[in-house]
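The structure appears right after this line, and notes come after that.
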Amino acid sequence: MNNFTKVSVAQDARTELHDKLSLTGAEISVNNLPAGAGVPFVHSHKKNEEIYIILSGKGKAVIDDETVELNAGDFMRIAPSAKRQFFAGDDSAISFVCIQVKENSLEGYTADDAVIAE
């Protein structure tokens, strides 16, 4: 198990995986908001873009004063400077993953970064 780390995540309101997975290039959190609830603050970032993956439920994000409806299966990238806040639907909980990475830091991906074993 030297080359990987595995954890299971409970249905807590928020679980940050940075320390649990010993992450070195990204921050990942799993978030669960009950119906009618919202993240209690508006935020932006200095350097990190965020990728949101809606796992279940529905809700909305308010990004730079624009409301974006969210549903299970949606993926969304938000630039670091954008001000954002997330809400569950009035009648639906929402569960989502947030991945933070430094904007413009990706140098290779998929086959470009892969080493195929022979």
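Within each chain, counting starts at residue 1; across the structure tokens, chains are named A, B, ... in the order shown, with ligands numbered 1 upward in that order.
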
From a DSSP calculation on the backbone, collect every residue of stretch 13-96 of chain A in strand (DSSP E or B) and output the set as a ChimeraX atom specification.
-> /A:14-16,27-33,38,43,48-63,66-71,75-78,84-89,92,94-96

Contacts of stretch 91-103 of chain A within 7 Å, only C-alpha atoms, excl. fewer than 6 positions in-chain, as a PDB file with N, CA, C and O atoms, in the first residue's frame:
```pdb
ATOM      1  N   GLY A  25      -1.159  17.489  -4.798  1.00  0.00           N
ATOM      2  CA  GLY A  25      -1.388  18.366  -5.936  1.00  0.00           C
ATOM      3  C   GLY A  25      -2.807  18.851  -6.066  1.00  0.00           C
ATOM      4  O   GLY A  25      -3.129  19.588  -6.996  1.00  0.00           O
ATOM      5  N   ALA A  26      -3.679  18.456  -5.143  1.00  0.00           N
ATOM      6  CA  ALA A  26      -5.088  18.849  -5.226  1.00  0.00           C
ATOM      7  C   ALA A  26      -5.700  18.790  -3.835  1.00  0.00           C
ATOM      8  O   ALA A  26      -5.174  18.137  -2.935  1.00  0.00           O
ATOM      9  N   GLU A  27      -6.799  19.487  -3.674  1.00  0.00           N
ATOM     10  CA  GLU A  27      -7.638  19.373  -2.479  1.00  0.00           C
ATOM     11  C   GLU A  27      -8.977  18.862  -2.953  1.00  0.00           C
ATOM     12  O   GLU A  27      -9.506  19.335  -3.970  1.00  0.00           O
ATOM     13  N   ILE A  28      -9.529  17.891  -2.268  1.00  0.00           N
ATOM     14  CA  ILE A  28     -10.823  17.322  -2.621  1.00  0.00           C
ATOM     15  C   ILE A  28     -11.678  17.308  -1.366  1.00  0.00           C
ATOM     16  O   ILE A  28     -11.218  16.909  -0.296  1.00  0.00           O
ATOM     17  N   SER A  29     -12.919  17.737  -1.517  1.00  0.00           N
ATOM     18  CA  SER A  29     -13.863  17.635  -0.403  1.00  0.00           C
ATOM     19  C   SER A  29     -15.156  17.012  -0.901  1.00  0.00           C
ATOM     20  O   SER A  29     -15.532  17.163  -2.066  1.00  0.00           O
ATOM     21  N   VAL A  30     -15.806  16.288  -0.009  1.00  0.00           N
ATOM     22  CA  VAL A  30     -17.125  15.715  -0.265  1.00  0.00           C
ATOM     23  C   VAL A  30     -18.091  16.491   0.616  1.00  0.00           C
ATOM     24  O   VAL A  30     -17.864  16.645   1.821  1.00  0.00           O
ATOM     25  N   ASN A  31     -19.169  17.014  -0.002  1.00  0.00           N
ATOM     26  CA  ASN A  31     -20.072  17.922   0.687  1.00  0.00           C
ATOM     27  C   ASN A  31     -21.509  17.439   0.573  1.00  0.00           C
ATOM     28  O   ASN A  31     -21.939  17.006  -0.497  1.00  0.00           O
ATOM     29  N   ASN A  32     -22.240  17.539   1.677  1.00  0.00           N
ATOM     30  CA  ASN A  32     -23.640  17.125   1.720  1.00  0.00           C
ATOM     31  C   ASN A  32     -24.454  18.213   2.412  1.00  0.00           C
ATOM     32  O   ASN A  32     -24.210  18.516   3.581  1.00  0.00           O
ATOM     33  N   LEU A  33     -25.381  18.805   1.682  1.00  0.00           N
ATOM     34  CA  LEU A  33     -26.252  19.837   2.249  1.00  0.00           C
ATOM     35  C   LEU A  33     -27.680  19.305   2.298  1.00  0.00           C
ATOM     36  O   LEU A  33     -28.192  18.839   1.277  1.00  0.00           O
ATOM     37  N   PRO A  34     -28.344  19.380   3.446  1.00  0.00           N
ATOM     38  CA  PRO A  34     -29.744  18.973   3.501  1.00  0.00           C
ATOM     39  C   PRO A  34     -30.636  19.975   2.771  1.00  0.00           C
ATOM     40  O   PRO A  34     -30.239  21.120   2.512  1.00  0.00           O
ATOM     41  N   ALA A  35     -31.837  19.551   2.426  1.00  0.00           N
ATOM     42  CA  ALA A  35     -32.801  20.426   1.740  1.00  0.00           C
ATOM     43  C   ALA A  35     -32.918  21.752   2.474  1.00  0.00           C
ATOM     44  O   ALA A  35     -33.000  21.802   3.697  1.00  0.00           O
ATOM     45  N   GLY A  36     -32.885  22.832   1.713  1.00  0.00           N
ATOM     46  CA  GLY A  36     -33.046  24.171   2.266  1.00  0.00           C
ATOM     47  C   GLY A  36     -31.784  24.786   2.851  1.00  0.00           C
ATOM     48  O   GLY A  36     -31.779  25.959   3.221  1.00  0.00           O
ATOM     49  N   LYS A  47      -5.436  31.324  -6.202  1.00  0.00           N
ATOM     50  CA  LYS A  47      -4.782  30.614  -7.299  1.00  0.00           C
ATOM     51  C   LYS A  47      -5.534  29.380  -7.770  1.00  0.00           C
ATOM     52  O   LYS A  47      -5.270  28.892  -8.869  1.00  0.00           O
ATOM     53  N   ASN A  48      -6.426  28.835  -6.967  1.00  0.00           N
ATOM     54  CA  ASN A  48      -7.028  27.543  -7.279  1.00  0.00           C
ATOM     55  C   ASN A  48      -8.366  27.655  -7.997  1.00  0.00           C
ATOM     56  O   ASN A  48      -9.265  28.361  -7.544  1.00  0.00           O
ATOM     57  N   GLU A  49      -8.464  26.932  -9.128  1.00  0.00           N
ATOM     58  CA  GLU A  49      -9.769  26.741  -9.745  1.00  0.00           C
ATOM     59  C   GLU A  49     -10.455  25.595  -9.014  1.00  0.00           C
ATOM     60  O   GLU A  49      -9.792  24.800  -8.337  1.00  0.00           O
ATOM     61  N   GLU A  50     -11.771  25.536  -9.114  1.00  0.00           N
ATOM     62  CA  GLU A  50     -12.519  24.455  -8.493  1.00  0.00           C
ATOM     63  C   GLU A  50     -13.351  23.736  -9.537  1.00  0.00           C
ATOM     64  O   GLU A  50     -13.908  24.353 -10.438  1.00  0.00           O
ATOM     65  N   ILE A  51     -13.396  22.420  -9.400  1.00  0.00           N
ATOM     66  CA  ILE A  51     -14.231  21.577 -10.241  1.00  0.00           C
ATOM     67  C   ILE A  51     -15.267  20.949  -9.312  1.00  0.00           C
ATOM     68  O   ILE A  51     -14.906  20.344  -8.299  1.00  0.00           O
ATOM     69  N   TYR A  52     -16.522  21.132  -9.644  1.00  0.00           N
ATOM     70  CA  TYR A  52     -17.624  20.580  -8.850  1.00  0.00           C
ATOM     71  C   TYR A  52     -18.278  19.452  -9.620  1.00  0.00           C
ATOM     72  O   TYR A  52     -18.536  19.578 -10.820  1.00  0.00           O
ATOM     73  N   ILE A  53     -18.554  18.361  -8.923  1.00  0.00           N
ATOM     74  CA  ILE A  53     -19.250  17.204  -9.481  1.00  0.00           C
ATOM     75  C   ILE A  53     -20.473  16.966  -8.610  1.00  0.00           C
ATOM     76  O   ILE A  53     -20.337  16.681  -7.417  1.00  0.00           O
ATOM     77  N   ILE A  54     -21.663  17.116  -9.189  1.00  0.00           N
ATOM     78  CA  ILE A  54     -22.897  16.931  -8.421  1.00  0.00           C
ATOM     79  C   ILE A  54     -23.234  15.446  -8.433  1.00  0.00           C
ATOM     80  O   ILE A  54     -23.527  14.872  -9.488  1.00  0.00           O
ATOM     81  N   LEU A  55     -23.173  14.823  -7.269  1.00  0.00           N
ATOM     82  CA  LEU A  55     -23.393  13.384  -7.152  1.00  0.00           C
ATOM     83  C   LEU A  55     -24.870  13.021  -7.067  1.00  0.00           C
ATOM     84  O   LEU A  55     -25.299  12.036  -7.664  1.00  0.00           O
ATOM     85  N   SER A  56     -25.628  13.803  -6.300  1.00  0.00           N
ATOM     86  CA  SER A  56     -27.056  13.516  -6.146  1.00  0.00           C
ATOM     87  C   SER A  56     -27.788  14.780  -5.722  1.00  0.00           C
ATOM     88  O   SER A  56     -27.197  15.719  -5.213  1.00  0.00           O
ATOM     89  N   GLY A  57     -29.103  14.750  -5.944  1.00  0.00           N
ATOM     90  CA  GLY A  57     -29.948  15.857  -5.533  1.00  0.00           C
ATOM     91  C   GLY A  57     -29.928  17.012  -6.518  1.00  0.00           C
ATOM     92  O   GLY A  57     -29.523  16.879  -7.668  1.00  0.00           O
ATOM     93  N   LYS A  58     -30.374  18.160  -5.987  1.00  0.00           N
ATOM     94  CA  LYS A  58     -30.383  19.362  -6.809  1.00  0.00           C
ATOM     95  C   LYS A  58     -30.222  20.580  -5.925  1.00  0.00           C
ATOM     96  O   LYS A  58     -30.423  20.527  -4.714  1.00  0.00           O
ATOM     97  N   GLY A  59     -29.846  21.682  -6.553  1.00  0.00           N
ATOM     98  CA  GLY A  59     -29.640  22.922  -5.824  1.00  0.00           C
ATOM     99  C   GLY A  59     -29.220  24.007  -6.784  1.00  0.00           C
ATOM    100  O   GLY A  59     -29.575  23.973  -7.967  1.00  0.00           O
TER     101      GLY A  59
END
```

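Between atom CA of A:Gln11 and atom CA of A:Ala72 there is a distance of 16.4 Å.
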